[in-house]
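Peer 1: So I've got this file, structure25.cif, and it contains mmCIF, C-alpha atoms:
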```cif
data_run
#
loop_
_atom_site.label_atom_id
_atom_site.label_comp_id
_atom_site.auth_asym_id
_atom_site.auth_seq_id
_atom_site.Cartn_x
_atom_site.Cartn_y
_atom_site.Cartn_z
CA MET A 1 0.00 0.00 0.00
CA SER A 2 1.16 3.54 -0.55
CA MET A 3 1.93 5.71 2.46
CA ALA A 4 -1.30 7.62 1.84
CA GLU A 5 -3.46 4.54 2.38
CA THR A 6 -4.55 3.72 5.91
CA PRO A 7 -4.93 0.05 6.86
CA ARG A 8 -8.47 -1.04 7.61
CA LEU A 9 -9.74 -3.59 10.04
CA TRP A 10 -12.44 -6.05 8.95
CA VAL A 11 -14.30 -7.82 11.71
CA LYS A 12 -16.27 -11.03 11.96
CA ILE A 13 -18.45 -11.78 14.98
CA ASP A 14 -18.15 -15.34 16.19
CA LEU A 15 -21.26 -16.28 18.15
CA GLY A 16 -19.92 -19.71 19.02
CA SER A 17 -22.11 -22.65 18.06
CA ALA A 18 -24.82 -20.24 16.83
CA GLY A 19 -22.71 -19.10 13.87
CA GLN A 20 -20.80 -16.14 12.55
CA VAL A 21 -21.73 -12.70 11.26
CA GLY A 22 -19.27 -11.02 8.93
CA PRO A 23 -19.08 -8.21 6.36
CA GLY A 24 -20.68 -10.30 3.57
CA LYS A 25 -23.97 -11.00 5.35
CA ILE A 26 -24.15 -7.41 6.58
CA ALA A 27 -23.49 -6.00 3.10
CA LEU A 28 -26.34 -8.16 1.81
CA LEU A 29 -28.69 -6.83 4.52
CA ARG A 30 -27.67 -3.27 3.67
CA GLY A 31 -28.37 -3.96 0.00
CA ILE A 32 -31.80 -5.39 0.78
CA ALA A 33 -32.62 -2.40 3.00
CA GLU A 34 -31.71 -0.10 0.12
CA LYS A 35 -33.30 -2.01 -2.77
CA ARG A 36 -36.24 -3.46 -0.83
CA SER A 37 -35.65 -6.61 -2.86
CA ILE A 38 -33.54 -9.71 -2.22
CA ALA A 39 -33.15 -10.35 -5.96
CA ALA A 40 -31.91 -6.82 -6.68
CA ALA A 41 -29.51 -6.83 -3.71
CA ALA A 42 -28.14 -10.23 -4.73
CA ARG A 43 -27.67 -9.03 -8.33
CA ASP A 44 -25.75 -5.96 -7.12
CA MET A 45 -23.39 -8.25 -5.19
CA LYS A 46 -23.08 -10.67 -8.14
CA MET A 47 -24.53 -13.35 -5.90
CA SER A 48 -27.19 -15.89 -6.86
CA TYR A 49 -30.70 -15.44 -5.45
CA ARG A 50 -30.34 -18.86 -3.83
CA ARG A 51 -27.04 -17.92 -2.16
CA ALA A 52 -28.60 -14.70 -0.83
CA TRP A 53 -31.52 -16.67 0.63
CA LEU A 54 -29.16 -19.14 2.29
CA LEU A 55 -27.27 -16.30 3.98
CA ILE A 56 -30.51 -14.68 5.17
CA ASP A 57 -31.73 -18.05 6.40
CA GLU A 58 -28.46 -18.51 8.27
CA LEU A 59 -28.90 -15.13 9.99
CA ASN A 60 -32.51 -15.97 10.92
CA GLY A 61 -31.24 -19.25 12.36
CA ILE A 62 -28.38 -17.69 14.32
CA PHE A 63 -30.63 -15.25 16.15
CA GLY A 64 -33.84 -17.29 16.20
CA GLN A 65 -35.73 -14.33 14.78
CA PRO A 66 -36.24 -13.00 11.25
CA VAL A 67 -34.04 -10.25 9.85
CA LEU A 68 -36.54 -9.47 7.10
CA VAL A 69 -40.11 -9.95 5.91
CA THR A 70 -41.07 -10.58 2.29
CA HIS A 71 -44.14 -9.46 0.40
CA ILE A 72 -45.61 -11.81 -2.17
CA GLY A 73 -46.95 -10.34 -5.40
CA GLY A 74 -45.89 -7.56 -7.66
CA LYS A 75 -43.30 -8.15 -10.32
CA GLY A 76 -40.42 -10.61 -10.06
CA HIS A 77 -39.65 -12.03 -6.64
CA GLY A 78 -41.81 -9.55 -4.69
CA GLY A 79 -40.46 -7.07 -2.16
CA ALA A 80 -38.49 -7.49 1.05
CA GLU A 81 -38.13 -5.27 4.08
CA LEU A 82 -35.83 -5.55 7.08
CA THR A 83 -37.41 -6.14 10.46
CA SER A 84 -36.44 -3.76 13.25
CA PHE A 85 -34.09 -6.50 14.44
CA GLY A 86 -32.49 -6.69 10.98
CA GLN A 87 -31.88 -2.95 11.13
CA ARG A 88 -30.46 -3.22 14.67
CA LEU A 89 -28.11 -5.92 13.42
CA ILE A 90 -26.73 -3.63 10.68
CA ASP A 91 -26.31 -0.78 13.19
CA ALA A 92 -24.64 -3.00 15.81
CA PHE A 93 -22.22 -4.45 13.26
CA GLY A 94 -21.30 -0.97 12.02
CA LEU A 95 -20.65 0.20 15.57
CA ILE A 96 -18.56 -2.87 16.42
CA GLN A 97 -16.54 -2.43 13.21
CA GLN A 98 -15.96 1.24 14.01
CA ARG A 99 -14.96 0.70 17.65
CA ALA A 100 -12.61 -2.14 16.75
CA ASP A 101 -10.93 -0.16 13.99
CA HIS A 102 -10.59 2.90 16.22
CA ALA A 103 -9.11 0.92 19.13
CA ALA A 104 -6.44 -0.62 16.88
CA ARG A 105 -5.56 2.53 14.91
CA GLU A 106 -2.10 2.98 16.45
CA GLU A 107 -1.07 -0.68 15.99
CA LEU A 108 -2.45 -0.72 12.44
CA ALA A 109 -0.36 2.33 11.52
CA ALA A 110 2.74 0.72 13.07
CA LEU A 111 2.14 -2.43 11.04
CA ALA A 112 1.65 -0.47 7.82
CA ALA A 113 4.96 1.26 8.53
CA GLU A 114 6.66 -2.17 8.36
CA ILE A 115 5.88 -2.38 4.65
CA GLN A 116 9.19 -1.95 2.82
CA PRO A 117 9.13 0.36 -0.20
CA ARG A 118 9.43 -1.47 -3.53
CA PRO A 119 12.75 -0.83 -5.28
CA MET B 120 -24.84 -19.96 21.70
CA SER B 121 -25.60 -20.63 25.34
CA MET B 122 -25.69 -17.73 27.78
CA ALA B 123 -22.33 -18.86 29.16
CA GLU B 124 -20.55 -18.35 25.82
CA THR B 125 -19.15 -14.92 25.10
CA PRO B 126 -19.11 -13.76 21.48
CA ARG B 127 -15.66 -13.34 19.99
CA LEU B 128 -14.39 -10.92 17.44
CA TRP B 129 -12.17 -12.13 14.59
CA VAL B 130 -10.21 -9.48 12.77
CA LYS B 131 -8.62 -9.23 9.36
CA ILE B 132 -6.18 -6.45 8.52
CA ASP B 133 -6.74 -4.94 5.10
CA LEU B 134 -3.52 -3.31 3.87
CA GLY B 135 -5.15 -2.05 0.71
CA SER B 136 -3.46 -3.02 -2.53
CA ALA B 137 -0.65 -4.75 -0.57
CA GLY B 138 -2.99 -7.50 0.65
CA GLN B 139 -4.69 -8.81 3.77
CA VAL B 140 -3.52 -10.45 6.98
CA GLY B 141 -6.04 -12.59 8.82
CA PRO B 142 -6.23 -15.32 11.48
CA GLY B 143 -5.27 -18.11 9.04
CA LYS B 144 -1.89 -16.69 8.04
CA ILE B 145 -1.12 -15.77 11.64
CA ALA B 146 -2.05 -19.24 12.90
CA LEU B 147 0.34 -20.70 10.33
CA LEU B 148 3.15 -18.40 11.50
CA ARG B 149 2.45 -19.39 15.12
CA GLY B 150 2.59 -23.06 14.14
CA ILE B 151 5.90 -22.60 12.33
CA ALA B 152 7.35 -20.73 15.32
CA GLU B 153 6.34 -23.63 17.54
CA LYS B 154 7.31 -26.55 15.26
CA ARG B 155 10.28 -24.86 13.57
CA SER B 156 9.06 -26.58 10.41
CA ILE B 157 6.69 -25.45 7.65
CA ALA B 158 5.76 -29.06 6.84
CA ALA B 159 4.87 -29.88 10.46
CA ALA B 160 2.90 -26.65 10.94
CA ALA B 161 0.99 -27.25 7.67
CA ARG B 162 0.20 -30.84 8.72
CA ASP B 163 -1.17 -29.63 12.07
CA MET B 164 -3.50 -27.27 10.21
CA LYS B 165 -4.46 -29.97 7.69
CA MET B 166 -3.07 -27.73 4.98
CA SER B 167 -0.89 -28.81 2.07
CA TYR B 168 2.80 -27.86 2.15
CA ARG B 169 2.24 -25.98 -1.09
CA ARG B 170 -0.67 -23.99 0.35
CA ALA B 171 1.43 -23.10 3.42
CA TRP B 172 4.25 -21.87 1.19
CA LEU B 173 1.84 -19.75 -0.86
CA LEU B 174 0.55 -18.07 2.30
CA ILE B 175 4.09 -17.39 3.54
CA ASP B 176 5.05 -16.07 0.12
CA GLU B 177 2.02 -13.80 0.20
CA LEU B 178 3.09 -12.40 3.59
CA ASN B 179 6.65 -11.85 2.35
CA GLY B 180 5.21 -10.04 -0.66
CA ILE B 181 2.82 -7.87 1.37
CA PHE B 182 5.57 -6.50 3.61
CA GLY B 183 8.49 -6.69 1.18
CA GLN B 184 10.53 -8.55 3.79
CA PRO B 185 10.72 -12.21 4.84
CA VAL B 186 8.69 -13.53 7.77
CA LEU B 187 10.91 -16.60 8.05
CA VAL B 188 14.20 -18.19 7.06
CA THR B 189 14.59 -21.85 6.11
CA HIS B 190 17.48 -24.21 6.73
CA ILE B 191 18.29 -26.78 4.08
CA GLY B 192 19.35 -30.24 5.19
CA GLY B 193 18.34 -32.60 7.94
CA LYS B 194 15.32 -34.83 7.53
CA GLY B 195 12.25 -34.00 5.48
CA HIS B 196 11.84 -30.42 4.35
CA GLY B 197 14.50 -28.94 6.65
CA GLY B 198 13.81 -26.44 9.41
CA ALA B 199 12.27 -22.99 9.43
CA GLU B 200 12.56 -20.12 11.84
CA LEU B 201 10.67 -16.84 12.02
CA THR B 202 12.59 -13.64 11.44
CA SER B 203 12.29 -10.94 14.07
CA PHE B 204 9.80 -9.28 11.73
CA GLY B 205 7.75 -12.50 11.56
CA GLN B 206 7.61 -12.54 15.35
CA ARG B 207 6.64 -8.85 15.46
CA LEU B 208 3.84 -9.58 13.00
CA ILE B 209 2.41 -12.29 15.28
CA ASP B 210 2.65 -9.98 18.30
CA ALA B 211 1.09 -7.01 16.47
CA PHE B 212 -1.79 -9.13 15.20
CA GLY B 213 -2.44 -10.50 18.69
CA LEU B 214 -2.50 -7.00 20.14
CA ILE B 215 -4.80 -5.69 17.40
CA GLN B 216 -7.15 -8.65 17.91
CA GLN B 217 -7.18 -8.06 21.67
CA ARG B 218 -7.76 -4.31 21.47
CA ALA B 219 -10.53 -4.70 18.91
CA ASP B 220 -12.30 -7.38 20.93
CA HIS B 221 -12.00 -5.36 24.11
CA ALA B 222 -13.32 -2.16 22.52
CA ALA B 223 -16.42 -3.95 21.21
CA ARG B 224 -17.15 -6.04 24.32
CA GLU B 225 -20.31 -4.14 25.28
CA GLU B 226 -21.83 -4.19 21.79
CA LEU B 227 -20.93 -7.87 21.36
CA ALA B 228 -22.73 -8.76 24.58
CA ALA B 229 -25.77 -6.73 23.48
CA LEU B 230 -25.83 -8.58 20.17
CA ALA B 231 -25.51 -11.98 21.87
CA ALA B 232 -28.49 -11.01 24.05
CA GLU B 233 -30.59 -10.73 20.85
CA ILE B 234 -30.31 -14.48 20.33
CA GLN B 235 -33.75 -15.94 21.07
CA PRO B 236 -33.79 -19.10 23.19
CA ARG B 237 -34.74 -22.21 21.22
CA PRO B 238 -38.15 -23.63 22.18
#
```
Reformat the file's structure so that it appears as structure tokens.
Peer 2:
Amino acid sequence: MSMAETPRLWVKIDLGSAGQVGPGKIALLRGIAEKRSIAAAARDMKMSYRRAWLLIDELNGIFGQPVLVTHIGGKGHGGAELTSFGQRLIDAFGLIQQRADHAAREELAALAAEIQPRP
Amino acid sequence: MSMAETPRLWVKIDLGSAGQVGPGKIALLRGIAEKRSIAAAARDMKMSYRRAWLLIDELNGIFGQPVLVTHIGGKGHGGAELTSFGQRLIDAFGLIQQRADHAAREELAALAAEIQPRP
């Protein structure tokens, strides 16, 4: 990386036997919140509709409560909307990501400084 | 997860165009430091020798300096030892992981509390 770039921390939440929540599942939720459609969000992420459903199903299973509700009807696959829990999950992940990155800022900069310039 | 389990945070360091450093590469380095052998560390992680070398090569490439030195001779693939930079990398990653987890403790506990008990 060039000196101008700052290293970034990615986080994944390990909920033990329940499962894991990482940037991929959260990006999908954010996409669904924006597009109000699982199909459209999946397409944006170049992910199959089936794969998107499996990830959503995994999240529902981890927490034992739905992250979204779907509406049948209309064109295509119908609409989807996050539940209030789904929205809380996005917010919590964002906050955790931010706090973690902030707490490690100094060490991340020190590590980036170890990168030797290319000849 | 049961109430007794505490959620854990896994981190991955994104060094931009240089590459990424996550728990897998660091676990391999830790194994090599312990076994003083790439082959033995790879075996412990059920990873091929080739895969282990590719990960090490990636780390060397990211930082532009070697994370380990190898000794030819002896039995099998010879020995390997971390450089002082390789050891610093392990230590820095551990510290970053610890600081990130600590900073997010409260939010992680709140998220774990969202898990609905199974009927």
Peer 1: Using every C-alpha atom paired in order, could you least-squares fit chain A onto chain B and give me the moved chain as a CSV table (one decimal) with C-alpha atoms, keeping the file's coordinate frame?
Peer 2:
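The file below, selection_36.csv, is the result:
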```
chain,number,residue,atom,x,y,z
A,1,MET,CA,-24.9,-19.9,21.7
A,2,SER,CA,-25.7,-20.6,25.3
A,3,MET,CA,-25.8,-17.7,27.7
A,4,ALA,CA,-22.4,-18.8,29.2
A,5,GLU,CA,-20.6,-18.3,25.9
A,6,THR,CA,-19.2,-14.9,25.1
A,7,PRO,CA,-19.1,-13.7,21.5
A,8,ARG,CA,-15.7,-13.3,20.0
A,9,LEU,CA,-14.4,-10.9,17.5
A,10,TRP,CA,-12.2,-12.1,14.6
A,11,VAL,CA,-10.2,-9.5,12.8
A,12,LYS,CA,-8.6,-9.2,9.4
A,13,ILE,CA,-6.2,-6.5,8.5
A,14,ASP,CA,-6.7,-5.0,5.1
A,15,LEU,CA,-3.5,-3.3,3.9
A,16,GLY,CA,-5.1,-2.1,0.7
A,17,SER,CA,-3.5,-3.1,-2.5
A,18,ALA,CA,-0.7,-4.8,-0.6
A,19,GLY,CA,-3.0,-7.5,0.7
A,20,GLN,CA,-4.7,-8.8,3.8
A,21,VAL,CA,-3.5,-10.5,7.0
A,22,GLY,CA,-6.1,-12.6,8.8
A,23,PRO,CA,-6.2,-15.3,11.5
A,24,GLY,CA,-5.3,-18.1,9.0
A,25,LYS,CA,-1.9,-16.7,8.0
A,26,ILE,CA,-1.1,-15.8,11.6
A,27,ALA,CA,-2.1,-19.3,12.9
A,28,LEU,CA,0.3,-20.7,10.3
A,29,LEU,CA,3.2,-18.4,11.5
A,30,ARG,CA,2.5,-19.4,15.1
A,31,GLY,CA,2.6,-23.1,14.1
A,32,ILE,CA,5.9,-22.6,12.3
A,33,ALA,CA,7.4,-20.7,15.3
A,34,GLU,CA,6.4,-23.6,17.5
A,35,LYS,CA,7.3,-26.5,15.3
A,36,ARG,CA,10.3,-24.9,13.6
A,37,SER,CA,9.1,-26.6,10.4
A,38,ILE,CA,6.7,-25.5,7.7
A,39,ALA,CA,5.8,-29.1,6.8
A,40,ALA,CA,4.9,-29.9,10.5
A,41,ALA,CA,2.9,-26.7,10.9
A,42,ALA,CA,1.0,-27.3,7.7
A,43,ARG,CA,0.2,-30.9,8.7
A,44,ASP,CA,-1.1,-29.6,12.1
A,45,MET,CA,-3.5,-27.3,10.2
A,46,LYS,CA,-4.5,-30.0,7.7
A,47,MET,CA,-3.1,-27.7,5.0
A,48,SER,CA,-0.9,-28.8,2.1
A,49,TYR,CA,2.8,-27.9,2.2
A,50,ARG,CA,2.3,-26.0,-1.1
A,51,ARG,CA,-0.7,-24.0,0.4
A,52,ALA,CA,1.4,-23.1,3.4
A,53,TRP,CA,4.3,-21.9,1.2
A,54,LEU,CA,1.9,-19.8,-0.9
A,55,LEU,CA,0.6,-18.1,2.3
A,56,ILE,CA,4.1,-17.4,3.5
A,57,ASP,CA,5.0,-16.1,0.1
A,58,GLU,CA,2.0,-13.8,0.2
A,59,LEU,CA,3.1,-12.4,3.6
A,60,ASN,CA,6.6,-11.9,2.3
A,61,GLY,CA,5.2,-10.0,-0.7
A,62,ILE,CA,2.8,-7.9,1.4
A,63,PHE,CA,5.6,-6.5,3.6
A,64,GLY,CA,8.5,-6.7,1.2
A,65,GLN,CA,10.5,-8.6,3.8
A,66,PRO,CA,10.7,-12.2,4.8
A,67,VAL,CA,8.7,-13.5,7.8
A,68,LEU,CA,10.9,-16.6,8.0
A,69,VAL,CA,14.2,-18.2,7.0
A,70,THR,CA,14.6,-21.8,6.1
A,71,HIS,CA,17.5,-24.2,6.7
A,72,ILE,CA,18.3,-26.7,4.0
A,73,GLY,CA,19.4,-30.2,5.1
A,74,GLY,CA,18.4,-32.5,7.9
A,75,LYS,CA,15.5,-34.8,7.5
A,76,GLY,CA,12.4,-34.0,5.4
A,77,HIS,CA,11.9,-30.4,4.3
A,78,GLY,CA,14.6,-28.9,6.6
A,79,GLY,CA,13.8,-26.4,9.4
A,80,ALA,CA,12.3,-23.0,9.4
A,81,GLU,CA,12.6,-20.1,11.8
A,82,LEU,CA,10.7,-16.8,12.0
A,83,THR,CA,12.6,-13.6,11.4
A,84,SER,CA,12.3,-10.9,14.1
A,85,PHE,CA,9.8,-9.3,11.7
A,86,GLY,CA,7.7,-12.5,11.5
A,87,GLN,CA,7.6,-12.5,15.3
A,88,ARG,CA,6.6,-8.9,15.5
A,89,LEU,CA,3.8,-9.6,13.0
A,90,ILE,CA,2.4,-12.3,15.3
A,91,ASP,CA,2.6,-10.0,18.3
A,92,ALA,CA,1.1,-7.0,16.5
A,93,PHE,CA,-1.8,-9.2,15.2
A,94,GLY,CA,-2.5,-10.5,18.7
A,95,LEU,CA,-2.5,-7.0,20.1
A,96,ILE,CA,-4.8,-5.7,17.4
A,97,GLN,CA,-7.2,-8.7,17.9
A,98,GLN,CA,-7.2,-8.1,21.7
A,99,ARG,CA,-7.8,-4.3,21.5
A,100,ALA,CA,-10.5,-4.7,18.9
A,101,ASP,CA,-12.3,-7.4,20.9
A,102,HIS,CA,-12.0,-5.4,24.1
A,103,ALA,CA,-13.3,-2.2,22.5
A,104,ALA,CA,-16.4,-4.0,21.2
A,105,ARG,CA,-17.2,-6.0,24.3
A,106,GLU,CA,-20.3,-4.1,25.3
A,107,GLU,CA,-21.8,-4.2,21.8
A,108,LEU,CA,-20.9,-7.9,21.4
A,109,ALA,CA,-22.7,-8.7,24.6
A,110,ALA,CA,-25.8,-6.7,23.5
A,111,LEU,CA,-25.8,-8.6,20.2
A,112,ALA,CA,-25.5,-12.0,21.9
A,113,ALA,CA,-28.5,-11.0,24.1
A,114,GLU,CA,-30.6,-10.7,20.9
A,115,ILE,CA,-30.3,-14.4,20.3
A,116,GLN,CA,-33.8,-15.9,21.1
A,117,PRO,CA,-33.8,-19.0,23.2
A,118,ARG,CA,-34.8,-22.2,21.2
A,119,PRO,CA,-38.2,-23.6,22.2
```
Peer 1: For a quick check of understanding, using all atoms listed in the file, which of B:Leu128, B:Leu134, B:Leu174, B:Ile151 has the smallest distance to Gln217 (chain B)?
Peer 2: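 Of the candidates, the smallest distance to Gln217 (chain B) is held by B:Leu128.
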Peer 1: Just how far from CA of Thr83 (chain A) is CA of Leu68 (chain A), in Å to one decimal?
Peer 2: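 Computing the Euclidean distance for CA of Leu68 (chain A) and CA of Thr83 (chain A) yields 4.8 Å.
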Peer 1: I need the chain B residues near chain A as a PDB file with C-alpha atoms, in the coordinates of the input; criterion: at most 7 Å, counting all atoms listed in the file.
Peer 2:
```
ATOM      1  CA  MET B 120     -24.840 -19.960  21.700  1.00  0.00           C
ATOM      2  CA  GLU B 124     -20.550 -18.350  25.820  1.00  0.00           C
ATOM      3  CA  PRO B 126     -19.110 -13.760  21.480  1.00  0.00           C
ATOM      4  CA  ARG B 127     -15.660 -13.340  19.990  1.00  0.00           C
ATOM      5  CA  LEU B 128     -14.390 -10.920  17.440  1.00  0.00           C
ATOM      6  CA  TRP B 129     -12.170 -12.130  14.590  1.00  0.00           C
ATOM      7  CA  VAL B 130     -10.210  -9.480  12.770  1.00  0.00           C
ATOM      8  CA  LYS B 131      -8.620  -9.230   9.360  1.00  0.00           C
ATOM      9  CA  ILE B 132      -6.180  -6.450   8.520  1.00  0.00           C
ATOM     10  CA  ASP B 133      -6.740  -4.940   5.100  1.00  0.00           C
ATOM     11  CA  LEU B 134      -3.520  -3.310   3.870  1.00  0.00           C
ATOM     12  CA  GLY B 135      -5.150  -2.050   0.710  1.00  0.00           C
ATOM     13  CA  SER B 136      -3.460  -3.020  -2.530  1.00  0.00           C
ATOM     14  CA  ALA B 137      -0.650  -4.750  -0.570  1.00  0.00           C
ATOM     15  CA  PHE B 182       5.570  -6.500   3.610  1.00  0.00           C
ATOM     16  CA  GLY B 183       8.490  -6.690   1.180  1.00  0.00           C
ATOM     17  CA  GLN B 184      10.530  -8.550   3.790  1.00  0.00           C
ATOM     18  CA  ALA B 211       1.090  -7.010  16.470  1.00  0.00           C
ATOM     19  CA  ILE B 215      -4.800  -5.690  17.400  1.00  0.00           C
ATOM     20  CA  ARG B 218      -7.760  -4.310  21.470  1.00  0.00           C
ATOM     21  CA  ALA B 219     -10.530  -4.700  18.910  1.00  0.00           C
ATOM     22  CA  ASP B 220     -12.300  -7.380  20.930  1.00  0.00           C
ATOM     23  CA  ALA B 222     -13.320  -2.160  22.520  1.00  0.00           C
ATOM     24  CA  ALA B 223     -16.420  -3.950  21.210  1.00  0.00           C
ATOM     25  CA  GLU B 226     -21.830  -4.190  21.790  1.00  0.00           C
ATOM     26  CA  GLU B 233     -30.590 -10.730  20.850  1.00  0.00           C
ATOM     27  CA  ILE B 234     -30.310 -14.480  20.330  1.00  0.00           C
ATOM     28  CA  GLN B 235     -33.750 -15.940  21.070  1.00  0.00           C
TER      29      GLN B 235
END
```
Peer 1: Here's the selection I'm unsure about, the PyMOL selection byres ((chain B and resi 147) around 8); applied to the file above, which residues does it give, as a PyMOL selection string?
Peer 2: chain B and resi 143-146+148-151+160-161+164+171
Peer 1: Record the distance separating CA of Val67 (chain A) and CA of Trp53 (chain A), expressed in Å with one decimal.
Peer 2: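 Going from CA of Val67 (chain A) over to CA of Trp53 (chain A), I get 11.5 Å.
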Peer 1: Please expand the PyMOL selection byres ((chain A and resi 37) around 8) into the concrete residues it hits in this file, giving the result as an MDAnalysis selection string.
Peer 2: chainID A and resid 32:33 35:36 38:41 77:81
Peer 1: Could you tell me how far CA of Ala109 (chain A) lies from CA of Ile175 (chain B), in Å and to one decimal?
Peer 2: 21.7 Å
Peer 1: Ranking B:Tyr168, B:Arg162, B:Asp176, B:Glu153 by minimum distance to Leu201 (chain B) and counting only C-alpha atoms, which one comes first?
Peer 2: B:Glu153
Peer 1: Mind writing region 51-58 of chain A to a file for me, with all heavy atoms, as a PDB file, in the first residue's frame?
Peer 2:
```
ATOM      1  N   ARG A  51     -28.120 -18.184  -3.119  1.00  0.00           N
ATOM      2  CA  ARG A  51     -27.043 -17.920  -2.158  1.00  0.00           C
ATOM      3  C   ARG A  51     -27.482 -16.830  -1.168  1.00  0.00           C
ATOM      4  O   ARG A  51     -27.245 -16.942   0.034  1.00  0.00           O
ATOM      5  CB  ARG A  51     -25.789 -17.487  -2.923  1.00  0.00           C
ATOM      6  CG  ARG A  51     -24.674 -16.922  -2.079  1.00  0.00           C
ATOM      7  CD  ARG A  51     -23.758 -17.996  -1.555  1.00  0.00           C
ATOM      8  NE  ARG A  51     -22.692 -17.419  -0.730  1.00  0.00           N
ATOM      9  CZ  ARG A  51     -22.296 -17.920   0.433  1.00  0.00           C
ATOM     10  NH1 ARG A  51     -22.840 -19.021   0.904  1.00  0.00           N
ATOM     11  NH2 ARG A  51     -21.337 -17.351   1.118  1.00  0.00           N
ATOM     12  N   ALA A  52     -28.122 -15.789  -1.693  1.00  0.00           N
ATOM     13  CA  ALA A  52     -28.597 -14.701  -0.831  1.00  0.00           C
ATOM     14  C   ALA A  52     -29.603 -15.249   0.194  1.00  0.00           C
ATOM     15  O   ALA A  52     -29.526 -14.942   1.384  1.00  0.00           O
ATOM     16  CB  ALA A  52     -29.226 -13.590  -1.672  1.00  0.00           C
ATOM     17  N   TRP A  53     -30.516 -16.101  -0.278  1.00  0.00           N
ATOM     18  CA  TRP A  53     -31.517 -16.673   0.626  1.00  0.00           C
ATOM     19  C   TRP A  53     -30.868 -17.534   1.704  1.00  0.00           C
ATOM     20  O   TRP A  53     -31.270 -17.521   2.864  1.00  0.00           O
ATOM     21  CB  TRP A  53     -32.551 -17.509  -0.144  1.00  0.00           C
ATOM     22  CG  TRP A  53     -33.903 -16.856  -0.097  1.00  0.00           C
ATOM     23  CD1 TRP A  53     -34.649 -16.474  -1.170  1.00  0.00           C
ATOM     24  CD2 TRP A  53     -34.646 -16.485   1.071  1.00  0.00           C
ATOM     25  NE1 TRP A  53     -35.813 -15.874  -0.737  1.00  0.00           N
ATOM     26  CE2 TRP A  53     -35.835 -15.867   0.639  1.00  0.00           C
ATOM     27  CE3 TRP A  53     -34.422 -16.578   2.442  1.00  0.00           C
ATOM     28  CZ2 TRP A  53     -36.799 -15.368   1.516  1.00  0.00           C
ATOM     29  CZ3 TRP A  53     -35.376 -16.078   3.334  1.00  0.00           C
ATOM     30  CH2 TRP A  53     -36.551 -15.491   2.863  1.00  0.00           C
ATOM     31  N   LEU A  54     -29.847 -18.284   1.313  1.00  0.00           N
ATOM     32  CA  LEU A  54     -29.162 -19.140   2.286  1.00  0.00           C
ATOM     33  C   LEU A  54     -28.505 -18.298   3.382  1.00  0.00           C
ATOM     34  O   LEU A  54     -28.555 -18.651   4.561  1.00  0.00           O
ATOM     35  CB  LEU A  54     -28.112 -20.019   1.599  1.00  0.00           C
ATOM     36  CG  LEU A  54     -28.674 -21.173   0.756  1.00  0.00           C
ATOM     37  CD1 LEU A  54     -27.550 -21.915   0.034  1.00  0.00           C
ATOM     38  CD2 LEU A  54     -29.466 -22.149   1.639  1.00  0.00           C
ATOM     39  N   LEU A  55     -27.905 -17.169   2.997  1.00  0.00           N
ATOM     40  CA  LEU A  55     -27.266 -16.295   3.981  1.00  0.00           C
ATOM     41  C   LEU A  55     -28.296 -15.679   4.928  1.00  0.00           C
ATOM     42  O   LEU A  55     -28.082 -15.592   6.133  1.00  0.00           O
ATOM     43  CB  LEU A  55     -26.457 -15.189   3.275  1.00  0.00           C
ATOM     44  CG  LEU A  55     -25.211 -15.666   2.514  1.00  0.00           C
ATOM     45  CD1 LEU A  55     -24.537 -14.485   1.805  1.00  0.00           C
ATOM     46  CD2 LEU A  55     -24.212 -16.333   3.457  1.00  0.00           C
ATOM     47  N   ILE A  56     -29.429 -15.261   4.347  1.00  0.00           N
ATOM     48  CA  ILE A  56     -30.510 -14.683   5.168  1.00  0.00           C
ATOM     49  C   ILE A  56     -31.046 -15.747   6.131  1.00  0.00           C
ATOM     50  O   ILE A  56     -31.270 -15.490   7.323  1.00  0.00           O
ATOM     51  CB  ILE A  56     -31.654 -14.186   4.238  1.00  0.00           C
ATOM     52  CG1 ILE A  56     -31.181 -13.002   3.385  1.00  0.00           C
ATOM     53  CG2 ILE A  56     -32.887 -13.800   5.057  1.00  0.00           C
ATOM     54  CD1 ILE A  56     -30.695 -11.821   4.164  1.00  0.00           C
ATOM     55  N   ASP A  57     -31.217 -16.949   5.593  1.00  0.00           N
ATOM     56  CA  ASP A  57     -31.727 -18.053   6.400  1.00  0.00           C
ATOM     57  C   ASP A  57     -30.765 -18.371   7.545  1.00  0.00           C
ATOM     58  O   ASP A  57     -31.180 -18.700   8.659  1.00  0.00           O
ATOM     59  CB  ASP A  57     -31.896 -19.278   5.488  1.00  0.00           C
ATOM     60  CG  ASP A  57     -32.810 -20.305   6.110  1.00  0.00           C
ATOM     61  OD1 ASP A  57     -33.901 -19.916   6.572  1.00  0.00           O
ATOM     62  OD2 ASP A  57     -32.426 -21.489   6.159  1.00  0.00           O
ATOM     63  N   GLU A  58     -29.475 -18.263   7.248  1.00  0.00           N
ATOM     64  CA  GLU A  58     -28.459 -18.512   8.274  1.00  0.00           C
ATOM     65  C   GLU A  58     -28.580 -17.457   9.382  1.00  0.00           C
ATOM     66  O   GLU A  58     -28.525 -17.797  10.576  1.00  0.00           O
ATOM     67  CB  GLU A  58     -27.075 -18.431   7.615  1.00  0.00           C
ATOM     68  CG  GLU A  58     -26.061 -19.416   8.201  1.00  0.00           C
ATOM     69  CD  GLU A  58     -24.699 -19.228   7.564  1.00  0.00           C
ATOM     70  OE1 GLU A  58     -24.598 -19.303   6.312  1.00  0.00           O
ATOM     71  OE2 GLU A  58     -23.732 -18.987   8.320  1.00  0.00           O
TER      72      GLU A  58
END
```
